[in-house]
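Quick look at upload-v9.cif (mmCIF, C-alpha atoms and all ligand atoms):
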```cif
data_target
#
loop_
_atom_site.label_atom_id
_atom_site.label_comp_id
_atom_site.auth_asym_id
_atom_site.auth_seq_id
_atom_site.Cartn_x
_atom_site.Cartn_y
_atom_site.Cartn_z
CA MET A 1 151.55 88.18 -126.20
CA ALA A 2 150.65 85.26 -123.94
CA VAL A 3 147.43 85.18 -121.99
CA ALA A 4 148.52 82.88 -119.20
CA ALA A 5 146.22 83.11 -116.23
CA ASP A 6 142.61 82.28 -115.77
CA THR A 7 141.98 80.58 -119.10
CA ASP A 8 140.34 77.26 -118.19
CA ALA A 9 136.91 78.73 -117.55
CA TYR A 10 136.57 80.37 -120.98
CA PRO A 11 136.05 79.02 -124.49
CA GLN A 12 138.93 79.14 -126.93
CA ALA A 13 137.29 82.01 -128.86
CA VAL A 14 137.48 84.24 -125.78
CA ILE A 15 141.09 83.27 -125.07
CA ASP A 16 142.01 83.97 -128.70
CA GLU A 17 140.30 87.38 -128.62
CA PHE A 18 142.13 88.26 -125.40
CA LYS A 19 145.43 87.29 -127.06
CA LEU A 20 144.65 89.66 -129.92
CA LEU A 21 143.72 92.42 -127.49
CA ALA A 22 146.91 91.82 -125.49
CA ASP A 23 148.97 92.08 -128.68
CA GLU A 24 147.31 95.37 -129.60
CA CYS A 25 147.83 96.75 -126.08
CA SER A 26 151.38 95.44 -125.63
CA ILE A 27 152.87 98.89 -126.31
CA CYS A 28 150.90 100.43 -123.42
CA TYR A 29 153.33 101.85 -120.89
CA GLN A 30 150.66 102.54 -118.28
CA CYS A 31 151.02 106.31 -118.42
CA GLY A 32 147.40 106.72 -117.26
CA THR A 33 146.56 109.53 -119.70
CA CYS A 34 143.50 107.61 -120.88
CA THR A 35 142.10 107.38 -117.35
CA SER A 36 142.92 110.95 -116.38
CA SER A 37 141.27 112.25 -119.59
CA CYS A 38 138.14 110.09 -119.33
CA PRO A 39 135.07 112.33 -118.69
CA SER A 40 133.46 109.47 -116.76
CA GLY A 41 136.68 108.87 -114.83
CA ARG A 42 135.35 109.95 -111.46
CA GLU A 43 132.59 107.38 -111.73
CA LEU A 44 134.84 104.50 -112.78
CA TYR A 45 136.48 102.15 -110.32
CA ARG A 46 139.92 102.45 -111.89
CA GLY A 47 139.35 103.37 -115.54
CA PRO A 48 140.70 102.21 -118.91
CA ARG A 49 144.37 102.08 -117.84
CA ARG A 50 143.59 99.34 -115.32
CA LEU A 51 141.55 97.36 -117.86
CA VAL A 52 144.47 97.44 -120.30
CA ARG A 53 146.81 96.29 -117.54
CA LEU A 54 144.45 93.40 -116.67
CA ILE A 55 144.31 92.38 -120.35
CA LEU A 56 148.11 92.30 -120.45
CA ALA A 57 148.13 90.23 -117.25
CA GLY A 58 145.66 87.72 -118.75
CA GLU A 59 143.11 88.42 -116.03
CA ILE A 60 140.08 87.58 -118.15
CA GLU A 61 137.65 87.18 -115.27
CA ALA A 62 138.66 90.44 -113.59
CA VAL A 63 138.21 92.28 -116.90
CA LEU A 64 134.82 90.80 -117.69
CA LYS A 65 133.55 91.41 -114.15
CA SER A 66 134.47 95.10 -114.15
CA ASP A 67 131.57 97.58 -114.02
CA ASP A 68 133.92 100.04 -115.69
CA LEU A 69 133.26 98.30 -119.00
CA TRP A 70 129.64 99.45 -118.85
CA ARG A 71 130.23 102.85 -117.30
CA CYS A 72 132.29 103.79 -120.34
CA THR A 73 130.15 105.98 -122.58
CA GLU A 74 132.10 105.23 -125.77
CA CYS A 75 133.06 108.90 -126.10
CA GLY A 76 136.45 108.02 -127.60
CA THR A 77 138.53 110.50 -125.57
CA CYS A 78 140.92 107.77 -124.36
CA THR A 79 141.67 106.79 -127.96
CA GLU A 80 142.31 110.42 -128.91
CA VAL A 81 144.79 111.01 -126.09
CA CYS A 82 146.73 107.72 -126.11
CA ARG A 83 150.27 108.57 -127.17
CA MET A 84 150.85 104.96 -128.24
CA ASP A 85 147.91 105.11 -130.67
CA ILE A 86 146.03 102.32 -128.94
CA ASP A 87 142.34 102.44 -129.81
CA VAL A 88 141.36 102.13 -126.16
CA ALA A 89 137.66 102.88 -126.73
CA ALA A 90 137.48 100.11 -129.35
CA VAL A 91 139.22 97.72 -126.93
CA LEU A 92 136.50 98.43 -124.35
CA SER A 93 133.80 98.02 -126.97
CA ARG A 94 135.19 94.58 -127.91
CA LEU A 95 135.34 93.63 -124.23
CA ARG A 96 131.65 94.55 -123.84
CA LYS A 97 130.84 92.31 -126.79
CA ILE A 98 132.75 89.40 -125.18
CA GLU A 99 131.08 90.09 -121.84
CA ARG A 100 127.66 90.02 -123.47
CA GLU A 101 128.38 86.73 -125.20
CA HIS A 102 130.39 84.90 -122.54
CA GLY A 103 130.30 86.85 -119.27
CA GLY A 104 126.80 87.72 -118.18
CA ALA A 105 127.79 88.13 -114.54
CA ILE A 106 127.50 91.91 -114.28
CA SER A 107 124.13 93.25 -113.22
CA CYS A 108 125.04 96.92 -112.91
CA PRO A 109 122.37 99.40 -114.09
CA GLU A 110 124.44 100.42 -117.09
CA ARG A 111 124.68 96.90 -118.50
CA THR A 112 121.04 96.16 -117.73
CA ALA A 113 120.00 99.39 -119.44
CA ALA A 114 122.05 98.54 -122.52
CA ASP A 115 120.32 95.16 -122.73
CA VAL A 116 116.84 96.59 -122.12
CA ALA A 117 117.44 99.23 -124.79
CA ALA A 118 118.81 96.67 -127.26
CA ALA A 119 115.82 94.35 -126.75
CA ARG A 120 113.42 97.24 -127.29
CA LEU A 121 115.22 98.58 -130.38
CA ARG A 122 115.17 95.19 -132.06
CA ARG A 123 111.35 95.44 -132.07
CA HIS A 124 110.61 99.20 -132.10
CA PRO A 125 112.22 102.23 -133.72
CA ARG A 126 112.39 104.26 -130.50
CA ILE A 127 113.07 103.90 -126.78
CA ASP A 128 109.93 104.66 -124.80
CA ASN A 129 110.93 106.24 -121.46
CA MET A 130 107.93 104.90 -119.54
CA GLN A 131 108.34 101.30 -120.73
CA PHE A 132 112.09 101.54 -120.33
CA GLY A 133 111.71 102.64 -116.70
CA VAL A 134 109.22 99.83 -115.96
CA ALA A 135 111.56 97.23 -117.54
CA MET A 136 114.49 98.54 -115.47
CA MET A 137 112.45 98.39 -112.24
CA ALA A 138 111.36 94.84 -113.08
CA LYS A 139 115.07 94.00 -113.15
CA GLY A 140 115.67 95.64 -109.77
CA HIS A 141 117.01 99.04 -110.83
CA PHE A 142 114.95 101.90 -109.42
CA PRO A 143 115.42 105.60 -110.24
CA LYS A 144 116.93 107.41 -107.28
CA ASP A 145 114.89 110.57 -107.81
CA LYS A 146 111.40 109.26 -107.05
CA VAL A 147 109.82 112.72 -107.31
CA GLY A 148 111.41 113.29 -110.71
CA ALA A 149 110.36 109.82 -111.92
CA ALA A 150 106.77 110.44 -110.76
CA GLU A 151 106.71 113.85 -112.45
CA THR A 152 107.99 112.33 -115.69
CA GLY A 153 105.40 109.53 -115.49
CA ILE A 154 102.57 112.04 -114.95
CA LYS A 155 103.81 114.20 -117.80
CA ILE A 156 104.00 111.24 -120.20
CA ALA A 157 100.56 110.00 -119.10
CA LYS A 158 99.06 113.47 -119.71
CA GLN A 159 100.67 113.60 -123.11
CA MET A 160 98.99 110.34 -124.02
CA LEU A 161 95.56 111.92 -123.60
CA PRO A 162 94.09 112.75 -127.01
CA ARG A 163 94.50 116.40 -127.98
CA ARG A 164 95.74 118.41 -130.87
CA ARG A 165 99.48 118.81 -130.82
CA LYS A 166 100.77 122.29 -131.36
CA ARG A 167 103.94 122.56 -133.33
CA PRO A 168 104.77 126.09 -134.39
CA ALA A 169 105.54 126.50 -138.04
CA GLY A 170 108.86 128.03 -138.98
CA GLU A 171 107.55 131.18 -140.54
CA ALA A 172 108.99 133.58 -137.98
CA GLY A 173 112.37 135.26 -137.99
CA PRO A 174 113.70 138.48 -139.38
CA ALA A 175 112.60 138.87 -142.96
CA SER A 176 115.99 140.00 -144.23
CA GLU A 177 117.55 136.61 -143.45
CA GLY A 178 114.75 134.63 -145.08
CA VAL A 179 113.53 131.28 -143.82
CA ALA A 180 115.86 128.29 -144.02
CA THR A 181 114.69 124.69 -143.83
CA LEU A 182 117.06 122.32 -142.05
CA PRO A 183 116.74 118.52 -141.89
CA PHE A 184 116.29 117.72 -138.21
CA TYR A 185 116.95 114.45 -136.35
CA ALA A 186 115.09 114.69 -133.04
CA GLY A 187 116.22 111.35 -131.53
CA CYS A 188 114.35 109.56 -128.72
CA ALA A 189 114.33 111.76 -125.64
CA LEU A 190 113.14 115.07 -127.09
CA PRO A 191 109.95 113.86 -128.87
CA GLN A 192 108.77 112.32 -125.58
CA ASP A 193 108.65 115.75 -123.95
CA HIS A 194 106.03 117.40 -126.15
CA GLU A 195 106.39 120.81 -124.54
CA LEU A 196 110.16 120.90 -124.98
CA HIS A 197 109.91 119.45 -128.47
CA ALA A 198 107.51 122.26 -129.46
CA LEU A 199 109.83 124.80 -127.82
CA VAL A 200 112.75 123.64 -129.98
CA HIS A 201 110.67 124.24 -133.11
CA GLU A 202 109.50 127.60 -131.75
CA VAL A 203 113.02 128.81 -130.85
CA ALA A 204 114.37 127.64 -134.23
CA ALA A 205 111.54 129.53 -135.92
CA GLY A 206 112.66 132.65 -134.07
CA PHE A 207 116.00 132.28 -135.86
CA GLY A 208 114.14 131.97 -139.17
CA VAL A 209 114.66 128.20 -139.30
CA ARG A 210 111.99 125.64 -140.13
CA LEU A 211 112.96 122.19 -138.88
CA ASP A 212 112.11 119.43 -141.32
CA GLU A 213 111.85 116.42 -139.04
CA ALA A 214 112.24 112.91 -140.40
CA ALA A 215 109.18 111.18 -138.92
CA ASP A 216 110.66 107.68 -139.14
CA ALA A 217 114.13 108.61 -137.82
CA GLY A 218 113.76 106.52 -134.65
CA CYS A 219 116.51 106.01 -132.11
CA CYS A 220 120.19 106.57 -132.96
CA GLY A 221 121.03 103.26 -131.25
CA HIS A 222 123.29 104.71 -128.59
CA PRO A 223 121.51 103.44 -125.46
CA SER A 224 122.02 99.87 -126.65
CA ARG A 225 125.80 100.46 -126.44
CA GLY A 226 126.68 99.05 -129.83
CA ALA A 227 124.37 96.04 -129.81
CA VAL A 228 121.87 97.67 -132.20
CA ALA A 229 123.21 100.03 -134.82
CA SER A 230 121.28 103.08 -135.95
CA HIS A 231 119.00 102.18 -138.84
CA TYR A 232 118.87 105.81 -139.93
CA ALA A 233 120.65 106.72 -143.13
CA SER A 234 120.95 110.07 -144.86
CA ALA A 235 123.24 111.37 -147.55
CA GLU A 236 122.72 114.94 -146.43
CA ARG A 237 123.86 116.73 -143.30
CA VAL A 238 121.32 116.54 -140.47
CA TYR A 239 120.89 118.81 -137.46
CA THR A 240 120.53 117.28 -134.03
CA ALA A 241 119.47 118.15 -130.48
CA CYS A 242 121.46 115.47 -128.63
CA PRO A 243 125.19 114.67 -128.25
CA ALA A 244 124.46 110.90 -128.17
CA CYS A 245 122.77 111.23 -131.58
CA ASP A 246 125.80 113.15 -132.91
CA ALA A 247 128.15 110.36 -131.84
CA SER A 248 125.96 107.50 -133.10
CA LEU A 249 125.09 109.12 -136.43
CA GLU A 250 128.73 109.89 -137.05
CA GLU A 251 129.50 106.22 -136.46
CA ALA A 252 126.73 105.34 -138.96
CA GLY A 253 128.35 107.62 -141.56
CA VAL A 254 125.81 110.46 -141.30
CA GLU A 255 127.12 114.01 -140.98
CA ALA A 256 125.47 115.47 -137.88
CA VAL A 257 125.70 119.06 -136.62
CA PRO A 258 124.26 120.32 -133.32
CA LEU A 259 121.28 122.53 -134.14
CA TRP A 260 122.44 125.09 -131.56
CA ASP A 261 125.68 125.66 -133.45
CA ALA A 262 123.74 126.35 -136.64
CA LEU A 263 121.36 128.78 -134.87
CA THR A 264 124.26 130.64 -133.25
CA ALA A 265 126.06 130.92 -136.58
CA ARG A 266 122.89 132.17 -138.26
CA ALA A 267 122.39 134.89 -135.64
CA GLY A 268 126.05 135.88 -136.03
CA ARG A 269 125.63 136.35 -139.78
CA SER A 270 122.41 138.33 -139.66
CA PRO A 271 122.49 142.08 -139.04
CA ALA A 272 118.76 141.88 -138.23
CA MET A 273 119.05 139.24 -135.54
CA ALA A 274 120.56 139.19 -132.04
CA LEU A 275 121.06 136.29 -129.67
CA ARG A 276 119.49 136.83 -126.25
CA ALA A 277 120.15 134.93 -123.03
CA ALA A 278 117.86 134.45 -120.02
CA ALA A 279 120.51 135.46 -117.44
CA PRO A 280 123.72 137.54 -117.38
CA ALA A 281 125.90 134.46 -116.74
CA PHE A 282 125.71 130.67 -117.02
CA VAL A 283 127.73 127.54 -116.36
CA PRO A 284 128.02 125.34 -119.46
CA TYR A 285 127.52 121.59 -119.31
CA VAL A 286 128.03 119.66 -122.52
CA GLY A 287 127.67 116.10 -121.21
CA CYS A 288 130.04 113.17 -121.44
CA LEU A 289 129.27 112.27 -125.07
CA ALA A 290 129.86 115.63 -126.71
CA ASP A 291 133.10 116.70 -128.34
CA ARG A 292 134.01 118.78 -125.30
CA ASP A 293 136.25 121.43 -126.83
CA ALA A 294 134.02 122.01 -129.86
CA ALA A 295 130.86 122.09 -127.73
CA LEU A 296 132.36 124.53 -125.21
CA ALA A 297 133.62 126.72 -128.04
CA ALA A 298 130.12 126.80 -129.57
CA LEU A 299 128.56 127.74 -126.24
CA GLY A 300 131.27 130.38 -125.78
CA GLU A 301 130.35 131.86 -129.15
CA ALA A 302 126.68 131.99 -128.13
CA ALA A 303 127.67 133.68 -124.84
CA GLU A 304 129.76 136.26 -126.66
CA GLN A 305 127.01 137.08 -129.11
CA ALA A 306 124.47 137.39 -126.30
CA GLY A 307 126.88 139.53 -124.25
CA VAL A 308 126.77 137.23 -121.22
CA THR A 309 129.47 135.48 -119.19
CA MET A 310 130.18 131.79 -119.58
CA GLU A 311 131.66 130.58 -116.31
CA VAL A 312 134.31 127.99 -117.16
CA ASP A 313 136.42 126.28 -114.55
CA TYR A 314 138.84 123.51 -115.53
CA PRO A 315 137.30 122.03 -118.72
CA THR A 316 136.64 118.48 -117.47
CA LEU A 317 134.12 119.90 -115.01
CA HIS A 318 131.76 120.48 -117.91
CA ASN A 319 131.48 116.99 -119.34
CA GLY A 320 131.61 114.48 -116.51
CA CYS A 321 128.69 112.03 -116.46
CA CYS A 322 125.36 113.55 -115.29
CA GLY A 323 124.09 110.26 -113.89
CA ALA A 324 122.08 109.21 -116.94
CA LEU A 325 124.26 106.22 -117.65
CA GLY A 326 121.96 103.32 -117.23
CA GLY A 327 119.25 105.32 -118.94
CA MET A 328 117.66 106.56 -115.74
CA TYR A 329 118.77 108.73 -112.86
CA ARG A 330 121.03 106.60 -110.70
CA GLY A 331 121.97 109.32 -108.21
CA ALA A 332 124.19 112.38 -108.24
CA THR A 333 127.57 111.66 -109.77
CA LYS A 334 130.70 113.19 -108.27
CA ALA A 335 131.16 115.20 -111.45
CA GLY A 336 127.53 116.43 -111.43
CA ALA A 337 127.76 117.43 -107.77
CA ARG A 338 130.95 119.42 -108.37
CA LEU A 339 129.41 121.17 -111.37
CA LEU A 340 126.29 122.17 -109.40
CA GLU A 341 128.38 123.41 -106.46
CA PHE A 342 130.42 125.48 -108.90
CA ALA A 343 127.24 126.94 -110.44
CA ALA A 344 125.88 127.75 -106.95
CA GLU A 345 129.13 129.57 -106.08
CA LYS A 346 128.79 131.59 -109.28
CA HIS A 347 125.05 132.25 -108.73
CA ALA A 348 124.52 131.16 -112.33
CA PRO A 349 122.20 128.58 -113.94
CA VAL A 350 123.58 125.54 -115.75
CA VAL A 351 122.95 125.42 -119.50
CA THR A 352 123.25 122.11 -121.29
CA THR A 353 122.91 120.84 -124.85
CA CYS A 354 121.35 117.51 -123.82
CA VAL A 355 117.78 116.80 -122.65
CA LEU A 356 118.79 113.82 -120.49
CA CYS A 357 121.53 115.90 -118.86
CA ARG A 358 119.03 118.64 -118.08
CA ASP A 359 116.68 116.19 -116.36
CA ASN A 360 119.40 114.31 -114.50
CA LEU A 361 121.21 117.42 -113.29
CA HIS A 362 117.84 118.76 -112.17
CA SER A 363 117.36 115.54 -110.16
CA ALA A 364 120.89 115.86 -108.78
CA ALA A 365 120.22 119.46 -107.68
CA ARG A 366 117.08 118.30 -105.88
CA GLU A 367 118.88 115.35 -104.25
CA LEU A 368 121.80 117.49 -103.11
CA LYS A 369 119.54 120.41 -102.13
CA ILE A 370 121.53 122.79 -104.32
CA ASP A 371 119.34 125.61 -105.59
CA VAL A 372 120.56 125.91 -109.18
CA PRO A 373 118.30 126.06 -112.24
CA VAL A 374 119.27 123.77 -115.13
CA HIS A 375 118.25 124.77 -118.66
CA PHE A 376 118.28 123.06 -122.03
CA TRP A 377 119.90 125.35 -124.65
CA PRO A 378 116.60 126.59 -126.18
CA GLU A 379 115.24 127.37 -122.71
CA PHE A 380 118.10 129.82 -122.23
CA PHE A 381 118.95 131.25 -125.64
CA ARG A 382 116.66 132.66 -128.30
CA ALA A 383 116.74 135.12 -131.18
CA GLU A 384 115.44 138.64 -131.06
CA GLU A 385 115.23 141.24 -133.71
CA HIS A 386 118.33 143.36 -133.56
CA VAL A 387 117.70 146.87 -132.27
CA SER A 388 120.27 149.31 -133.56
CA GLU A 389 122.05 151.29 -130.85
CA GLU A 390 122.53 154.23 -133.18
CA ARG A 391 120.13 157.02 -132.26
CA THR A 392 119.12 160.13 -134.11
CA ASP A 393 119.04 163.17 -131.82
CA ASP A 394 116.01 165.37 -132.14
S1 LIG B 401 146.94 106.35 -122.60
FE1 LIG B 401 147.57 104.58 -123.88
S2 LIG B 401 149.68 104.10 -123.16
FE2 LIG B 401 148.73 105.41 -121.58
S3 LIG B 401 147.82 103.95 -120.08
FE3 LIG B 401 146.21 104.47 -121.57
S4 LIG B 401 146.34 102.85 -123.12
FE4 LIG B 401 148.27 102.80 -121.98
S1 LIG B 402 135.61 105.84 -124.37
FE1 LIG B 402 135.34 107.71 -123.10
S2 LIG B 402 134.15 107.00 -121.31
FE2 LIG B 402 135.01 105.17 -122.31
S3 LIG B 402 136.91 104.79 -121.19
FE3 LIG B 402 137.41 106.01 -123.03
S4 LIG B 402 137.41 108.13 -122.29
FE4 LIG B 402 136.34 106.91 -120.74
#
```

Encoded form using structure tokens:
Amino acid sequence: MAVAADTDAYPQAVIDEFKLLADECSICYQCGTCTSSCPSGRELYRGPRRLVRLILAGEIEAVLKSDDLWRCTECGTCTEVCRMDIDVAAVLSRLRKIEREHGGAISCPERTAADVAAARLRRHPRIDNMQFGVAMMAKGHFPKDKVGAAETGIKIAKQMLPRRRKRPAGEAGPASEGVATLPFYAGCALPQDHELHALVHEVAAGFGVRLDEAADAGCCGHPSRGAVASHYASAERVYTACPACDASLEEAGVEAVPLWDALTARAGRSPAMALRAAAPAFVPYVGCLADRDAALAALGEAAEQAGVTMEVDYPTLHNGCCGALGGMYRGATKAGARLLEFAAEKHAPVVTTCVLCRDNLHSAARELKIDVPVHFWPEFFRAEEHVSEERTDD
């Protein structure tokens, strides 16, 4: 396939790579399924279909200047749905690599965040939220939710004061099930919220699970958008608390399972344990990086066991971007706003499996003045000892 237009300004290596991309995309018939299935679609200018069309038209500059390249979360949905078997997500990933090396013109928050994260991860094992936020502001990207940013800053500063950290041991749980020890990969975001981190251990302990956390696990690499791979390796299955970690670890060849799925399954198996929910109904939100169908099915199973209603509208509502792309709250996304409005109509809290989504949807609710609580999974579900409904009459 010829790449005719717009070639003088780029080195031969870029032109050659565009020719390869155009060859791989030549069977695209512009059906648009990739764009209509993209969970970040509402936030993109035109989506992956347009980028493929621009590649075929040889419009190198237009491709490399598109913010859409960096608003893509690498979830892989477009690849899964393409009927022509084009690996659309990989095409976008290769375009980001070219843009990094030869473009450099985009200064959108998403690209800046990927670069800030990559620079940090080359020197440190983890992203530090406070330093990340300062670096982003130094580059002109300010969080939209100032109150939320201040609250986070105060919380992190308080956590830095010396004190003994409480982490509940995993000795609780119904005796009949015994205590299981699961290898746990906590990622970046959770360990920075000490209270929530401790709650995860406490809730797991309620299910009779002790979480064995790899202290040197570090960041999964996702925020760097492919520039820094995860350095974590494990031959055994690990349990996670973050959909970004699931995706990145899978890419690194590590089998990762959401902890919540394991806790739900454990409660389902145990006659001595019941799953309890904090409200009679909830709206699920699985984030844009999770395997949507599997994540919704797992939350549905938890709802069924707890005897509560999971309010599901059309499925894409539950995994549009929360606004965290760019690593900080960049304002309510169209998808986030619709989800919160839906939850308000249902008078139900939102329950999510991602810490960043919880914080960003909380910011969105404040910004939009929508009074809807947003909970992380362990803030909503927990185990209780099963009380038999059989009664003996006196
Ligand atoms: S789904 Fe595949 S064939 Fe359809 S527009 Fe996207 S890349 Fe082209
Ligand atoms: S990888 Fe996911 S976010 Fe990126 S374009 Fe494809 S569907 Fe959209």

Inset, instruction - Taking only C-alpha atoms and all ligand atoms into account, report as a ChimeraX atom specification which residues have an atom no farther than 10 Å from an atom of ligand LIG 401 (chain B). - result: /A:24-37,47-53,77-89,91

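Those residues that approach Ala365 (chain A) to within 10 Å, counting all atoms listed in the file, are Ala332, Gly336, Ala337, Leu340, Glu341, Asp359, Asn360, Leu361, His362, Ser363, Glu367, Leu368, Lys369, Ile370, Asp371, Val372, Pro373 and Val374 of chain A; same-chain residues fewer than 2 positions away are not listed.
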
Legend entry - Point-to-point distance from CA of Ala189 (chain A) to CA of Ala306 (chain A), Å rounded to tenths: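 It comes out at 27.6 Å.
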
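Each of A:Pro243, A:Pro271, A:Gly148, A:Pro143 was checked against His386 (chain A) using only C-alpha atoms; the smallest atom-to-atom distance is that of A:Pro271.
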
Inset, instruction - Find, counting all atoms listed in the file, the residue in A:Thr309, A:Ser93, A:Thr181, A:Gln131 that gets nearest to ligand LIG 402 (chain B). - result: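 Among the listed residues, the smallest separation from ligand LIG 402 (chain B) belongs to A:Ser93.
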
Arg94 (chain A): which residues within 10 Å, counting only C-alpha atoms, same-chain residues fewer than 2 positions away excluded, as a PDB file with C-alpha atoms, in the coordinates of the input?
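Everything below was put into result.pdb:
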```
ATOM      1  CA  GLU A  17     140.300  87.380-128.620  1.00  0.00           C
ATOM      2  CA  PHE A  18     142.130  88.260-125.400  1.00  0.00           C
ATOM      3  CA  LEU A  21     143.720  92.420-127.490  1.00  0.00           C
ATOM      4  CA  LEU A  69     133.260  98.300-119.000  1.00  0.00           C
ATOM      5  CA  VAL A  88     141.360 102.130-126.160  1.00  0.00           C
ATOM      6  CA  ALA A  89     137.660 102.880-126.730  1.00  0.00           C
ATOM      7  CA  ALA A  90     137.480 100.110-129.350  1.00  0.00           C
ATOM      8  CA  VAL A  91     139.220  97.720-126.930  1.00  0.00           C
ATOM      9  CA  LEU A  92     136.500  98.430-124.350  1.00  0.00           C
ATOM     10  CA  ARG A  96     131.650  94.550-123.840  1.00  0.00           C
ATOM     11  CA  LYS A  97     130.840  92.310-126.790  1.00  0.00           C
ATOM     12  CA  ILE A  98     132.750  89.400-125.180  1.00  0.00           C
ATOM     13  CA  GLU A  99     131.080  90.090-121.840  1.00  0.00           C
ATOM     14  CA  ARG A 100     127.660  90.020-123.470  1.00  0.00           C
ATOM     15  CA  GLY A 226     126.680  99.050-129.830  1.00  0.00           C
TER      16      GLY A 226
END
```

Legend entry - Computed interatomic separation between atom FE2 of ligand LIG 402 (chain B) and CA of Thr73 (chain A) (Å): 4.9 Å

Inset, instruction - One decimal, Å: what's the distance from CA of Asp212 (chain A) over to CA of Phe184 (chain A), could you say? - result: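 Atom-to-atom, CA of Asp212 (chain A) and CA of Phe184 (chain A) are spaced 5.5 Å apart.
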
Inset, instruction - Could you tell me which of A:Gln12, A:Thr353, A:Ser270, A:Asn319 comes closest to ligand LIG 402 (chain B) if we count all atoms listed in the file? - result: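 For ligand LIG 402 (chain B), the nearest of the given residues is A:Asn319.
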
Inset, instruction - Return the single residue from A:Met310, A:Cys288, A:Leu56, A:Ala62 that is closest to ligand LIG 402 (chain B), with distances computed using all atoms listed in the file. - result: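 Between A:Met310, A:Cys288, A:Leu56, A:Ala62, the residue approaching ligand LIG 402 (chain B) most closely is A:Cys288.
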
Legend entry - Who sits within 8 Å of Met273 (chain A), all atoms listed in the file, same chain under 4 positions skipped, as a ChimeraX atom specification: /A:174,207,267-268,383-386

Inset, instruction - Find the spatial neighbours of Glu301 (chain A), counting all atoms listed in the file, within a cut-off of 12 Å - ignore same-chain residues fewer than 2 positions away - and output them as a ChimeraX atom specification. - result: /A:260-268,275,284,294-299,303-310,381

Legend entry - Using only C-alpha atoms and all ligand atoms: which of A:Ala252, A:Ala114, A:Cys72, A:Ala233 has the shortest distance to ligand LIG 402 (chain B):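 For ligand LIG 402 (chain B), the nearest of the candidates is A:Cys72.
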
Legend entry - Closest of A:Pro125, A:Gly140, A:Gly320, A:Gly76 to ligand LIG 402 (chain B) - atom-to-atom distances counting all atoms listed in the file: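 Closest to ligand LIG 402 (chain B) of all the choices is A:Gly76.
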
Centre and edges of the ligand LIG 402 (chain B) box, axis-aligned, 8 Å extra per side, as AutoDock Vina command-line options:
```
--center_x 135.8 --center_y 106.5 --center_z -122.6 --size_x 19.3 --size_y 19.3 --size_z 19.6
```

Inset, instruction - Mind checking which residues fall within 7 Å of Val203 (chain A), counting all atoms listed in the file, ignoring those fewer than 4 positions away in the same chain, and posting them as a list in words? - result: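 In the requested form, the answer reads Leu199, Phe207, Pro378 and Arg382 of chain A.
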